[in-house]
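The structure appears right after this line, and notes come after that.
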Amino acid sequence: MRHLKTPLAFLGFALLALLTAERVLCIRSLDGSQIVMVERNEAWKTAVFALGSFWRAEASFGCLPGVIRTLAVYAGGTKTNPDYRSLGDHAEAVQVDYDPKLINYRQLLDVFWASHNSTQVFGQGPDVGNQYRSIIFNNGTEEARMAATSKEKEQAKIKSSLVITQIEQLGAVYPAEYEHQKFELRRHPFLLQLMGNLPDEELVQSRLATKLNSYAAGLCPPATQKLMDSKINDILKKGWPILQEL
Ligand SMILES: *[C@@H]1O[C@H](CO)[C@@H](O)[C@H](O)[C@H]1NC(C)=O
Ligand SMILES: *[C@@H]1O[C@H](CO)[C@@H](O)[C@H](O)[C@H]1NC(C)=O
């Protein structure tokens, strides 16, 4: 990560997300000024979890093999068209689009428990408030059962305090504003440059951005962090500063 401040002389190409054979999942309009469009592929599955700030939640899932894309969203509330300054009864959450051939819901649940403190009431770490509550969203059938079982296991492990995570059937999901998408990556302009400074609509769809967002937060497994360090150094050495994949 030491090269994050290295200036780059020129950049030419943009990495295009693979958008073929995908369909639009949802459209968000914020005061008419911003529209977040999210497309998806029929073969993917989607899981939604709330575990504190969605900035960190995205980064917690983005580096897992089989995760195609993460998205910061508002979920679990009734307010229509929530936004960051006025999210009503929604929680900050992460939508995880994944390839069920490579990772399953149970494995995502394990990462959910490992990535936050499920016993902390009314907040997460230093973030205090109802918007940071812990929720496993599910589709009401097998997933609800798996969620309940995993919560029992977690409670048995923790013993001393109550796991307060809620288990809810997923309702409306609203993508957060662009400025909250891939937030950790956005804090490292060098990495954005390395990808060719994608426009927001492409960044939000990008598998590479999802992974780099976790890398920027230092939340990829240590071996992966190191591998990515060396790949990025390699690209810089070759003087061809466009990162296509990792
Ligand atoms: C989780 O949060 C509770 C309540 O704030 C605290 O007592 C506990 O030490 C925390 N656990 C960890 C592992 O940080
Ligand atoms: C619910 O999720 C499970 C596991 O991800 C899946 O097998 C099942 O088909 C889903 N059911 C519905 C009704 O979507």
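How things are named: the first chain in the structure tokens is A, the next is B, and so on; residues count from 1 in each chain; ligands count from 1 in the order shown.
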For this session: Can you tell me which residues come within 9 Å of ligand 1 when counting only C-alpha atoms and all ligand atoms, ideally as an MDAnalysis selection string?
Result: chainID A and resid 116:125 161
Using N, CA, C and O atoms, can you export the residues from the last selection as a CSV table (one decimal), in the first residue's frame?
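Full text of result.csv as output:
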chain,number,residue,atom,x,y,z
A,116,HIS,N,-18.3,-8.4,12.4
A,116,HIS,CA,-18.8,-7.3,13.3
A,116,HIS,C,-19.1,-7.9,14.6
A,116,HIS,O,-18.9,-9.1,14.9
A,117,ASN,N,-19.6,-7.0,15.5
A,117,ASN,CA,-19.9,-7.4,16.9
A,117,ASN,C,-21.4,-7.5,17.1
A,117,ASN,O,-22.1,-6.5,17.2
A,118,SER,N,-21.9,-8.8,17.1
A,118,SER,CA,-23.3,-9.0,17.0
A,118,SER,C,-24.0,-8.8,18.4
A,118,SER,O,-25.2,-9.0,18.5
A,119,THR,N,-23.2,-8.5,19.4
A,119,THR,CA,-23.8,-8.2,20.7
A,119,THR,C,-23.9,-6.8,21.1
A,119,THR,O,-24.4,-6.4,22.2
A,120,GLN,N,-23.3,-5.9,20.2
A,120,GLN,CA,-23.3,-4.5,20.6
A,120,GLN,C,-24.7,-3.9,20.3
A,120,GLN,O,-25.2,-3.9,19.2
A,121,VAL,N,-25.3,-3.3,21.3
A,121,VAL,CA,-26.6,-2.7,21.2
A,121,VAL,C,-26.5,-1.3,20.7
A,121,VAL,O,-25.7,-0.5,21.1
A,122,PHE,N,-27.4,-0.9,19.7
A,122,PHE,CA,-27.6,0.4,19.2
A,122,PHE,C,-26.3,1.0,18.6
A,122,PHE,O,-25.9,2.1,18.8
A,123,GLY,N,-25.6,0.2,17.8
A,123,GLY,CA,-24.4,0.7,17.1
A,123,GLY,C,-23.4,-0.3,16.8
A,123,GLY,O,-23.6,-1.5,17.1
A,124,GLN,N,-22.3,0.1,16.2
A,124,GLN,CA,-21.3,-0.8,15.9
A,124,GLN,C,-20.0,-0.1,16.0
A,124,GLN,O,-19.8,1.0,15.3
A,125,GLY,N,-19.1,-0.5,16.9
A,125,GLY,CA,-17.9,0.2,17.1
A,125,GLY,C,-18.2,1.6,17.6
A,125,GLY,O,-19.1,1.8,18.4
A,161,SER,N,-22.9,-12.8,26.4
A,161,SER,CA,-23.8,-11.8,26.2
A,161,SER,C,-24.8,-12.1,25.0
A,161,SER,O,-24.5,-13.1,24.2
Write out as JSON lines a residue-level contact list of chain A versus ligand 2 with cut-off 8 Å: for each qualifying residue the closest pair of atoms and the distance in Å to one decimal, counting only C-alpha atoms and all ligand atoms, rows sorted by chain and residue number upward.
{"residue": "A:Lys45", "atom": "CA", "partner": "ligand 2", "partner_atom_place_in_ligand_line": "5 (O)", "distance": 7.4}
{"residue": "A:Asn104", "atom": "CA", "partner": "ligand 2", "partner_atom_place_in_ligand_line": "5 (O)", "distance": 7.4}
{"residue": "A:Tyr105", "atom": "CA", "partner": "ligand 2", "partner_atom_place_in_ligand_line": "5 (O)", "distance": 5.8}
{"residue": "A:Asn138", "atom": "CA", "partner": "ligand 2", "partner_atom_place_in_ligand_line": "2 (O)", "distance": 7.3}
{"residue": "A:Asn139", "atom": "CA", "partner": "ligand 2", "partner_atom_place_in_ligand_line": "1 (C)", "distance": 5.0}
{"residue": "A:Gly140", "atom": "CA", "partner": "ligand 2", "partner_atom_place_in_ligand_line": "1 (C)", "distance": 6.8}
{"residue": "A:Thr141", "atom": "CA", "partner": "ligand 2", "partner_atom_place_in_ligand_line": "1 (C)", "distance": 5.5}
{"residue": "A:Glu142", "atom": "CA", "partner": "ligand 2", "partner_atom_place_in_ligand_line": "3 (C)", "distance": 5.0}
{"residue": "A:Glu143", "atom": "CA", "partner": "ligand 2", "partner_atom_place_in_ligand_line": "2 (O)", "distance": 4.9}
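A straight line drawn from CA of Asp110 in chain A to CA of Glu152 in chain A is 12.5 Å long.
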For this session: Looking only at helix (DSSP H, G or I) from DSSP on the backbone, list the matching residues of range 4-219 of chain A as a PyMOL selection string.
Result: chain A and resi 4-5+54-61+105-114+130-132+142-158+178-180+183-186+189-194+200-203+207-216
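For range 80-96 of chain A, the non-local neighbours within 6 Å, defined as residues at least 4 positions apart in the same chain or in other chains and counting only C-alpha atoms, are Thr46, Ala47, Val48, Phe49, Ala50, Phe54, Ala57, Glu58, Thr70, Leu71, Ala72, Val73, Tyr74, Ala75, Gly76, Gln131 and Tyr132 of chain A.
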With N, CA and C atoms kept, could you save the residues just selected as an mmCIF file, in the first residue's frame?
data_model
loop_
_atom_site.group_PDB
_atom_site.id
_atom_site.type_symbol
_atom_site.label_atom_id
_atom_site.label_comp_id
_atom_site.auth_asym_id
_atom_site.auth_seq_id
_atom_site.Cartn_x
_atom_site.Cartn_y
_atom_site.Cartn_z
ATOM 1 N N THR A 46 -28.080 -13.120 -4.737
ATOM 2 C CA THR A 46 -27.864 -11.897 -3.974
ATOM 3 C C THR A 46 -28.163 -12.144 -2.505
ATOM 4 N N ALA A 47 -27.294 -11.654 -1.635
ATOM 5 C CA ALA A 47 -27.562 -11.703 -0.195
ATOM 6 C C ALA A 47 -27.391 -10.290 0.350
ATOM 7 N N VAL A 48 -28.178 -9.949 1.354
ATOM 8 C CA VAL A 48 -28.094 -8.612 1.941
ATOM 9 C C VAL A 48 -27.912 -8.741 3.456
ATOM 10 N N PHE A 49 -26.929 -8.021 3.977
ATOM 11 C CA PHE A 49 -26.633 -8.042 5.412
ATOM 12 C C PHE A 49 -26.437 -6.619 5.925
ATOM 13 N N ALA A 50 -26.886 -6.385 7.161
ATOM 14 C CA ALA A 50 -26.570 -5.126 7.831
ATOM 15 C C ALA A 50 -25.642 -5.437 8.993
ATOM 16 N N PHE A 54 -21.972 0.822 6.157
ATOM 17 C CA PHE A 54 -21.890 0.083 4.881
ATOM 18 C C PHE A 54 -20.558 0.309 4.175
ATOM 19 N N ALA A 57 -18.771 -2.601 5.591
ATOM 20 C CA ALA A 57 -19.470 -3.849 5.242
ATOM 21 C C ALA A 57 -19.133 -4.272 3.806
ATOM 22 N N GLU A 58 -19.127 -3.304 2.881
ATOM 23 C CA GLU A 58 -18.761 -3.630 1.499
ATOM 24 C C GLU A 58 -17.373 -4.264 1.457
ATOM 25 N N THR A 70 -20.133 -5.955 -4.626
ATOM 26 C CA THR A 70 -20.837 -5.487 -3.436
ATOM 27 C C THR A 70 -21.435 -4.123 -3.742
ATOM 28 N N LEU A 71 -22.454 -3.777 -2.974
ATOM 29 C CA LEU A 71 -23.147 -2.516 -3.187
ATOM 30 C C LEU A 71 -23.607 -2.002 -1.826
ATOM 31 N N ALA A 72 -23.371 -0.738 -1.541
ATOM 32 C CA ALA A 72 -23.882 -0.143 -0.301
ATOM 33 C C ALA A 72 -25.357 0.195 -0.506
ATOM 34 N N VAL A 73 -26.207 -0.276 0.404
ATOM 35 C CA VAL A 73 -27.659 -0.081 0.229
ATOM 36 C C VAL A 73 -28.314 0.319 1.554
ATOM 37 N N TYR A 74 -29.540 0.808 1.457
ATOM 38 C CA TYR A 74 -30.400 1.002 2.615
ATOM 39 C C TYR A 74 -31.447 -0.100 2.580
ATOM 40 N N ALA A 75 -31.668 -0.762 3.707
ATOM 41 C CA ALA A 75 -32.627 -1.865 3.737
ATOM 42 C C ALA A 75 -33.211 -2.018 5.134
ATOM 43 N N GLY A 76 -34.310 -2.729 5.222
ATOM 44 C CA GLY A 76 -34.878 -3.063 6.524
ATOM 45 C C GLY A 76 -35.832 -2.019 7.080
ATOM 46 N N GLN A 131 -29.299 2.975 12.619
ATOM 47 C CA GLN A 131 -28.927 2.654 11.237
ATOM 48 C C GLN A 131 -27.764 1.655 11.186
ATOM 49 N N TYR A 132 -27.126 1.416 12.322
ATOM 50 C CA TYR A 132 -25.979 0.493 12.360
ATOM 51 C C TYR A 132 -26.341 -0.856 12.965
#
Please provide the set of residues having any atom within 7 Å of Ile242 in chain A, restricted to only C-alpha atoms, with same-chain residues fewer than 5 positions apart removed, written as a JSON list (two decimals) with N, CA, C and O atoms, in the first residue's frame.
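Result file is out_5.json:
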[["chain", "number", "residue", "atom", "x", "y", "z"],
["A", 194, "LEU", "N", -5.46, 4.00, -11.26],
["A", 194, "LEU", "CA", -4.91, 2.77, -11.80],
["A", 194, "LEU", "C", -5.96, 2.00, -12.61],
["A", 194, "LEU", "O", -5.65, 1.26, -13.52],
["A", 195, "MET", "N", -7.22, 2.16, -12.23],
["A", 195, "MET", "CA", -8.30, 1.51, -12.96],
["A", 195, "MET", "C", -8.77, 2.33, -14.15],
["A", 195, "MET", "O", -9.70, 1.95, -14.85],
["A", 196, "GLY", "N", -8.19, 3.49, -14.33],
["A", 196, "GLY", "CA", -8.59, 4.33, -15.45],
["A", 196, "GLY", "C", -9.71, 5.30, -15.09],
["A", 196, "GLY", "O", -10.46, 5.73, -15.96]]
For this session: Using DSSP on the backbone coordinates, identify all residues within range 110-197 of chain A classified as strand (DSSP E); present the result as a ChimeraX atom specification.
Result: /A:123-124,127-128,134-138,166-169,173-175
Take the residues from that selection and put them in a file with all heavy atoms, as a short mmCIF file (atom, residue, chain, number, x, y, z; two decimals), in the first residue's frame.
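The result, written out as selection_18.cif:
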data_model
loop_
_atom_site.label_atom_id
_atom_site.label_comp_id
_atom_site.auth_asym_id
_atom_site.auth_seq_id
_atom_site.Cartn_x
_atom_site.Cartn_y
_atom_site.Cartn_z
N GLY A 123 -25.61 0.19 17.80
CA GLY A 123 -24.45 0.73 17.12
C GLY A 123 -23.43 -0.33 16.80
O GLY A 123 -23.65 -1.52 17.05
N GLN A 124 -22.33 0.10 16.24
CA GLN A 124 -21.26 -0.82 15.86
C GLN A 124 -19.95 -0.06 15.98
O GLN A 124 -19.76 0.95 15.31
CB GLN A 124 -21.49 -1.31 14.43
CG GLN A 124 -20.67 -2.50 14.03
CD GLN A 124 -20.85 -3.71 14.96
OE1 GLN A 124 -19.87 -4.31 15.37
NE2 GLN A 124 -22.08 -4.06 15.30
N ASP A 127 -19.68 3.82 15.81
CA ASP A 127 -20.89 4.32 15.15
C ASP A 127 -22.12 4.01 15.99
O ASP A 127 -22.45 2.84 16.20
CB ASP A 127 -21.06 3.69 13.76
CG ASP A 127 -19.93 4.08 12.82
OD1 ASP A 127 -19.45 5.23 12.91
OD2 ASP A 127 -19.54 3.24 11.98
N VAL A 128 -22.79 5.05 16.44
CA VAL A 128 -23.93 4.85 17.33
C VAL A 128 -25.22 5.20 16.59
O VAL A 128 -25.32 6.22 15.93
CB VAL A 128 -23.79 5.75 18.58
CG1 VAL A 128 -25.03 5.67 19.45
CG2 VAL A 128 -22.56 5.34 19.37
N SER A 134 -27.66 -4.78 13.47
CA SER A 134 -27.21 -6.01 12.84
C SER A 134 -28.40 -6.83 12.35
O SER A 134 -29.27 -7.20 13.13
CB SER A 134 -26.39 -6.80 13.88
OG SER A 134 -26.14 -8.12 13.45
N ILE A 135 -28.45 -7.08 11.05
CA ILE A 135 -29.59 -7.82 10.47
C ILE A 135 -29.11 -8.80 9.40
O ILE A 135 -28.28 -8.47 8.57
CB ILE A 135 -30.60 -6.87 9.77
CG1 ILE A 135 -30.95 -5.66 10.64
CG2 ILE A 135 -31.87 -7.63 9.38
CD1 ILE A 135 -31.73 -4.59 9.90
N ILE A 136 -29.67 -10.00 9.45
CA ILE A 136 -29.50 -10.94 8.33
C ILE A 136 -30.80 -10.91 7.54
O ILE A 136 -31.86 -11.29 8.06
CB ILE A 136 -29.25 -12.38 8.82
CG1 ILE A 136 -27.99 -12.45 9.66
CG2 ILE A 136 -29.17 -13.33 7.62
CD1 ILE A 136 -27.81 -13.79 10.37
N PHE A 137 -30.74 -10.44 6.32
CA PHE A 137 -31.92 -10.48 5.45
C PHE A 137 -31.94 -11.82 4.73
O PHE A 137 -30.89 -12.42 4.47
CB PHE A 137 -31.87 -9.33 4.45
CG PHE A 137 -31.94 -7.98 5.09
CD1 PHE A 137 -30.79 -7.23 5.33
CD2 PHE A 137 -33.16 -7.44 5.48
CE1 PHE A 137 -30.85 -5.98 5.94
CE2 PHE A 137 -33.23 -6.19 6.10
CZ PHE A 137 -32.07 -5.47 6.32
N ASN A 138 -33.12 -12.29 4.41
CA ASN A 138 -33.19 -13.60 3.75
C ASN A 138 -34.46 -13.68 2.91
O ASN A 138 -35.32 -12.78 2.97
CB ASN A 138 -33.16 -14.71 4.80
CG ASN A 138 -34.32 -14.60 5.74
OD1 ASN A 138 -35.42 -15.03 5.44
ND2 ASN A 138 -34.10 -13.97 6.89
N GLN A 166 -30.93 -9.30 14.19
CA GLN A 166 -32.30 -9.61 13.76
C GLN A 166 -32.24 -10.45 12.48
O GLN A 166 -31.29 -10.35 11.71
CB GLN A 166 -33.06 -8.32 13.47
CG GLN A 166 -33.23 -7.42 14.69
CD GLN A 166 -33.56 -5.99 14.27
OE1 GLN A 166 -32.67 -5.16 14.10
NE2 GLN A 166 -34.84 -5.72 14.09
N ILE A 167 -33.26 -11.25 12.28
CA ILE A 167 -33.38 -12.04 11.05
C ILE A 167 -34.69 -11.62 10.39
O ILE A 167 -35.75 -11.74 10.99
CB ILE A 167 -33.36 -13.55 11.35
CG1 ILE A 167 -32.01 -13.91 11.98
CG2 ILE A 167 -33.62 -14.36 10.10
CD1 ILE A 167 -31.89 -15.36 12.42
N GLU A 168 -34.58 -11.08 9.20
CA GLU A 168 -35.76 -10.50 8.55
C GLU A 168 -35.86 -10.93 7.10
O GLU A 168 -34.84 -11.07 6.42
CB GLU A 168 -35.66 -8.96 8.52
CG GLU A 168 -35.79 -8.29 9.86
CD GLU A 168 -35.59 -6.78 9.75
OE1 GLU A 168 -35.66 -6.24 8.61
OE2 GLU A 168 -35.36 -6.16 10.79
N GLN A 169 -37.08 -11.04 6.64
CA GLN A 169 -37.27 -11.26 5.21
C GLN A 169 -36.95 -9.95 4.47
O GLN A 169 -37.33 -8.87 4.93
CB GLN A 169 -38.71 -11.68 4.93
CG GLN A 169 -38.89 -12.13 3.50
CD GLN A 169 -40.06 -13.10 3.33
OE1 GLN A 169 -40.67 -13.56 4.30
NE2 GLN A 169 -40.37 -13.41 2.09
N VAL A 173 -34.92 -2.65 -1.24
CA VAL A 173 -33.51 -2.30 -1.08
C VAL A 173 -33.23 -1.08 -1.94
O VAL A 173 -33.60 -1.04 -3.11
CB VAL A 173 -32.62 -3.48 -1.55
CG1 VAL A 173 -31.16 -3.06 -1.61
CG2 VAL A 173 -32.79 -4.67 -0.63
N TYR A 174 -32.61 -0.08 -1.35
CA TYR A 174 -32.29 1.15 -2.09
C TYR A 174 -30.78 1.33 -2.15
O TYR A 174 -30.14 1.49 -1.10
CB TYR A 174 -32.91 2.36 -1.41
CG TYR A 174 -34.41 2.31 -1.32
CD1 TYR A 174 -35.06 1.75 -0.22
CD2 TYR A 174 -35.20 2.82 -2.36
CE1 TYR A 174 -36.44 1.71 -0.15
CE2 TYR A 174 -36.58 2.78 -2.29
CZ TYR A 174 -37.20 2.22 -1.19
OH TYR A 174 -38.57 2.17 -1.12
N PRO A 175 -30.20 1.32 -3.34
CA PRO A 175 -28.76 1.58 -3.43
C PRO A 175 -28.43 2.96 -2.85
O PRO A 175 -29.17 3.92 -3.05
CB PRO A 175 -28.49 1.57 -4.94
CG PRO A 175 -29.61 0.80 -5.53
CD PRO A 175 -30.80 1.06 -4.67
#
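The two atoms in question, CA of Ala43 in chain A and CA of Trp113 in chain A, are spaced 25.9 Å apart.
Taking only C-alpha atoms into account, Ile68 in chain A lies nearest to A:Gln205 out of the set A:Gln205, A:Glu177, A:Asn130, A:Ile232.
Candidate residues A:Trp55, A:Glu179, A:Lys211, A:Asn197 were compared for distance to Thr224 in chain A, and the nearest is A:Lys211, using only C-alpha atoms.
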For this session: Find the distance between CA of Leu185 in chain A and CA of Glu42 in chain A and write it in Å to one decimal.
Result: 27.2 Å
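Candidate residues A:Gly171, A:Gly239, A:Gly62, A:Gly218 were compared for distance to Lys79 in chain A, and the nearest is A:Gly171, using only C-alpha atoms.
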